[in-house]
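Chemist: Dropping in run-v6.txt, which is compact mmCIF, C-alpha atoms:
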# COMPACT_ATOMS: atom_id res chain seq x y z
CA MET W 1 99.05 106.99 101.10
CA ALA W 2 100.97 108.30 104.07
CA THR W 3 104.46 109.64 103.52
CA THR W 4 107.57 109.38 105.60
CA ASN W 5 110.47 111.81 105.49
CA ILE W 6 113.83 110.09 105.34
CA THR W 7 116.97 111.94 106.28
CA THR W 8 119.99 109.95 107.29
CA THR W 9 123.72 109.81 107.44
CA ALA W 10 125.08 106.32 107.30
CA SER W 11 128.60 105.22 108.04
CA PHE W 12 129.07 101.46 108.09
CA ASN W 13 132.63 100.57 107.35
CA PRO W 14 135.83 102.58 107.45
CA THR W 15 136.42 101.68 103.79
CA GLN W 16 133.01 102.92 102.70
CA PRO W 17 132.41 106.64 102.16
CA GLU W 18 129.76 108.39 104.20
CA VAL W 19 126.39 108.37 102.45
CA LYS W 20 124.11 111.36 102.91
CA LEU W 21 120.60 110.93 101.63
CA PRO W 22 118.59 114.05 100.90
CA SER W 23 115.31 114.59 102.67
CA VAL W 24 112.75 112.71 100.60
CA SER W 25 109.10 111.96 101.17
CA LEU W 26 108.43 108.33 100.37
CA PRO W 27 104.96 106.86 100.33
CA THR W 28 104.08 103.85 102.41
CA PHE W 29 102.57 100.76 100.82
CA SER W 30 100.27 98.28 102.56
CA GLY W 31 99.28 96.06 99.67
CA ALA W 32 95.66 97.16 99.77
CA GLU W 33 96.30 99.84 97.16
CA TYR W 34 97.26 97.54 94.27
CA LYS W 35 96.81 100.24 91.67
CA ASN W 36 99.46 102.37 93.41
CA VAL W 37 102.24 99.78 93.54
CA ASP W 38 103.95 101.30 90.48
CA ASN W 39 103.89 104.76 92.04
CA PHE W 40 105.28 103.41 95.30
CA TRP W 41 107.94 101.32 93.62
CA ASN W 42 109.10 104.02 91.20
CA LYS W 43 109.55 106.52 94.03
CA PHE W 44 111.38 103.94 96.14
CA VAL W 45 113.69 103.05 93.24
CA ASP W 46 114.53 106.70 92.54
CA ALA W 47 115.14 107.58 96.20
CA VAL W 48 116.80 104.40 97.50
CA ASP W 49 117.14 101.36 95.25
CA ALA W 50 118.98 103.03 92.35
CA ASN W 51 121.63 104.50 94.68
CA ALA W 52 124.61 102.16 94.34
CA ALA W 53 126.30 103.78 97.36
CA ILE W 54 123.65 102.43 99.73
CA PRO W 55 124.31 98.86 100.91
CA LYS W 56 121.48 96.43 100.22
CA THR W 57 120.95 95.81 103.93
CA ILE W 58 120.19 99.51 104.41
CA LYS W 59 117.94 99.49 101.33
CA PHE W 60 116.12 96.56 102.93
CA THR W 61 115.70 98.55 106.15
CA TYR W 62 114.22 101.47 104.17
CA LEU W 63 111.91 99.12 102.27
CA GLN W 64 110.65 97.54 105.49
CA GLY W 65 110.15 101.02 106.93
CA GLN W 66 107.85 101.99 104.06
CA LEU W 67 105.79 98.79 104.00
CA ARG W 68 102.70 98.36 106.14
CA GLY W 69 100.14 95.66 106.85
CA GLU W 70 99.99 92.77 104.41
CA ALA W 71 102.92 94.05 102.32
CA LEU W 72 105.17 94.13 105.39
CA LYS W 73 104.10 90.59 106.33
CA VAL W 74 105.24 89.42 102.88
CA VAL W 75 108.86 90.35 103.68
CA CYS W 76 109.01 90.28 107.50
CA ASN W 77 110.55 86.79 107.79
CA LEU W 78 113.43 87.47 105.42
CA THR W 79 116.94 87.85 106.79
CA LEU W 80 118.46 91.33 106.79
CA SER W 81 121.08 90.60 104.12
CA ASN W 82 121.85 91.30 100.47
CA ASP W 83 119.97 88.16 99.44
CA GLY W 84 117.12 89.08 101.79
CA TYR W 85 116.76 92.45 100.07
CA ASP W 86 116.77 90.86 96.62
CA SER W 87 114.12 88.39 97.78
CA ALA W 88 112.01 91.17 99.31
CA VAL W 89 112.05 93.13 96.05
CA GLN W 90 110.98 90.06 94.09
CA LEU W 91 108.22 89.22 96.59
CA VAL W 92 106.78 92.73 96.56
CA LYS W 93 106.82 92.81 92.77
CA LYS W 94 105.39 89.30 92.43
CA ASN W 95 102.61 89.83 94.97
CA TYR W 96 101.50 93.30 93.93
CA ALA W 97 102.45 93.88 90.30
CA ASP W 98 99.51 91.73 89.20
CA LEU W 99 98.37 93.16 85.87
CA GLU W 100 95.05 91.29 85.85
CA ARG W 101 94.15 92.59 89.30
CA ALA W 102 95.23 96.11 88.33
CA ALA W 103 93.09 95.91 85.18
CA THR W 104 90.13 94.68 87.23
CA LEU W 105 90.53 97.58 89.67
CA LEU W 106 90.73 100.08 86.82
CA VAL W 107 87.58 98.68 85.22
CA LYS W 108 85.87 98.78 88.63
CA SER W 109 86.96 102.41 89.01
CA PHE W 110 85.41 103.14 85.63
CA LEU W 111 82.16 101.41 86.56
CA ASP W 112 82.09 103.33 89.86
CA LEU W 113 82.19 106.71 88.11
CA PRO W 114 79.01 108.60 88.97
CA SER W 115 76.40 109.10 86.28
CA MET W 116 76.35 112.57 84.83
CA ASP W 117 73.36 114.88 84.95
CA GLY W 118 74.75 117.13 82.25
CA THR W 119 76.15 119.90 84.46
CA THR W 120 79.47 121.30 83.36
CA ASP W 121 81.23 120.35 86.60
CA LEU W 122 80.09 116.71 86.44
CA ILE W 123 80.98 116.40 82.75
CA GLN W 124 84.44 117.81 83.48
CA ALA W 125 84.96 115.47 86.47
CA PHE W 126 83.88 112.50 84.33
CA ARG W 127 86.15 113.54 81.44
CA VAL W 128 89.20 113.88 83.71
CA ALA W 129 88.54 110.55 85.47
CA LEU W 130 87.90 108.78 82.16
CA LYS W 131 91.08 110.15 80.57
CA SER W 132 93.13 109.03 83.57
CA LEU W 133 91.60 105.55 83.61
CA LEU W 134 92.03 105.03 79.87
CA LYS W 135 95.65 106.17 80.01
CA ALA W 136 96.36 103.79 82.90
CA LEU W 137 94.71 100.91 81.06
CA SER W 138 96.51 101.52 77.80
CA HIS W 139 99.98 102.21 79.15
CA LYS W 140 100.26 99.92 82.12
CA ILE W 141 97.95 97.05 81.44
CA VAL W 142 97.09 96.42 77.82
CA VAL W 143 100.57 96.81 76.35
CA LYS W 144 102.34 94.86 79.10
CA CYS W 145 99.79 92.02 78.97
CA LYS W 146 100.74 91.46 75.34
CA LEU W 147 104.48 91.13 76.06
CA ALA W 148 106.14 87.92 77.18
CA SER W 149 107.64 88.37 80.65
CA GLU W 150 111.16 87.68 79.29
CA ILE W 151 110.79 90.51 76.77
CA LEU W 152 109.34 92.84 79.39
CA ASP W 153 112.30 92.02 81.67
CA LYS W 154 114.74 92.76 78.81
CA LEU W 155 113.06 96.11 78.19
CA CYS W 156 113.19 97.05 81.89
CA THR W 157 116.88 96.09 81.99
CA LEU W 158 117.61 97.95 78.76
CA HIS W 159 116.06 101.16 80.10
CA ASN W 160 117.12 100.52 83.72
CA LYS W 161 113.53 101.17 84.83
CA ALA W 162 110.85 99.20 86.61
CA SER W 163 108.05 101.08 84.83
CA LEU W 164 108.15 101.75 81.11
CA THR W 165 106.53 104.36 78.93
CA VAL W 166 105.07 103.47 75.55
CA LYS W 167 108.13 105.13 73.97
CA ASP W 168 110.45 102.95 76.12
CA ILE W 169 108.57 99.86 74.98
CA THR W 170 108.58 100.69 71.27
CA GLU W 171 112.25 101.73 71.23
CA GLY W 172 113.18 98.73 73.35
CA LEU W 173 111.34 96.35 71.05
CA ARG W 174 113.31 97.78 68.14
CA SER W 175 116.54 96.95 70.01
CA VAL W 176 115.32 93.42 70.84
CA ILE W 177 114.47 92.82 67.17
CA GLU W 178 117.89 94.06 66.07
CA GLN W 179 119.61 91.78 68.62
CA GLN W 180 117.58 88.75 67.54
CA ARG W 181 118.28 89.43 63.86
CA ALA W 182 122.01 89.83 64.57
CA ASN W 183 122.03 86.52 66.47
CA ARG W 184 120.55 84.72 63.45
CA LEU W 185 123.46 85.76 61.22
Step by step, read the file and then write its structure as structure tokens.
Modeler:
Amino acid sequence: MATTNITTTASFNPTQPEVKLPSVSLPTFSGAEYKNVDNFWNKFVDAVDANAAIPKTIKFTYLQGQLRGEALKVVCNLTLSNDGYDSAVQLVKKNYADLERAATLLVKSFLDLPSMDGTTDLIQAFRVALKSLLKALSHKIVVKCKLASEILDKLCTLHNKASLTVKDITEGLRSVIEQQRANRL
């Protein structure tokens, strides 16, 4: 993925303080790289979305600046507004955070691994690729496919993250269970 350096000083309203964003390299996202949507989104959240000092219209401008091709077309007709930004975020997530498609791509990546002839270098390359693919399948696909979307949303809100680790999920589920048990009393 290509990266774009963002350095800006924004002053929008005399009542708002000046916002200085550090120089950050953000990836672009075209929609063709489904398996990289989490990487793109997590970097965007950390650099832009999670910053409460940045107005949503500016966040929307940054988001549009990092989207390319099909992904940009998904949000290009939305109005530059707070609601437009919220809609853009939902559309990007809905269109590209498709767990079944991501699982299919990971399985395809596994099937596309070259056969080994027994040389040390090929065995090592296979081992590294296999470990990466299995980790991606287990953490991002298998666990999330087993959770109801409402529970997954609660866990993301609880941890204030778009992408969860296995530890986030297990600890979050403990909290959900405790809340549900308390509500029964």
Chemist: Taking all atoms listed in the file into account, which of W:Leu72, W:Leu133, W:Leu106, W:Ile123 comes nearest Gly31 in chain W?
Modeler: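 Smallest distance to Gly31 in chain W is found for W:Leu72.
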Chemist: Would you please work out which residue, of W:Ala47, W:Phe60, W:Glu70, W:Pro55, is nearest to Ser30 in chain W when using only C-alpha atoms?
Modeler: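 Nearest candidate to Ser30 in chain W out of W:Ala47, W:Phe60, W:Glu70, W:Pro55: W:Glu70.
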Chemist: Point out the residue among W:Ile54, W:Leu26, W:Leu91, W:Ala182 with the least atom-to-atom distance to Gln66 in chain W, counting all atoms listed in the file.
Modeler: W:Leu26
Chemist: Do you have the CA of Val92 in chain W-CA of Lys108 in chain W distance handy?
Modeler: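 CA of Lys108 in chain W lies at a distance of 23.2 Å from CA of Val92 in chain W.
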Chemist: If we count all atoms listed in the file and set the cut-off at 12 Å, which residues sit around Val74 in chain W, ignoring sequence neighbours fewer than 4 positions away in its own chain? Please answer as a PyMOL selection string.
Modeler: chain W and resi 29-31+63-64+67-70+78+84+87-96
Chemist: Calculated over all atoms listed in the file, which of the candidates W:Thr165, W:Asp38, W:Cys156, W:Ile151 has the smallest distance to Gln180 in chain W?
Modeler: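 Smallest separation from Gln180 in chain W among the options: W:Ile151.
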Chemist: For the atom pair CA of Leu80 in chain W and CA of Thr61 in chain W, what is the interatomic distance in Å to one decimal place?
Modeler: 7.8 Å
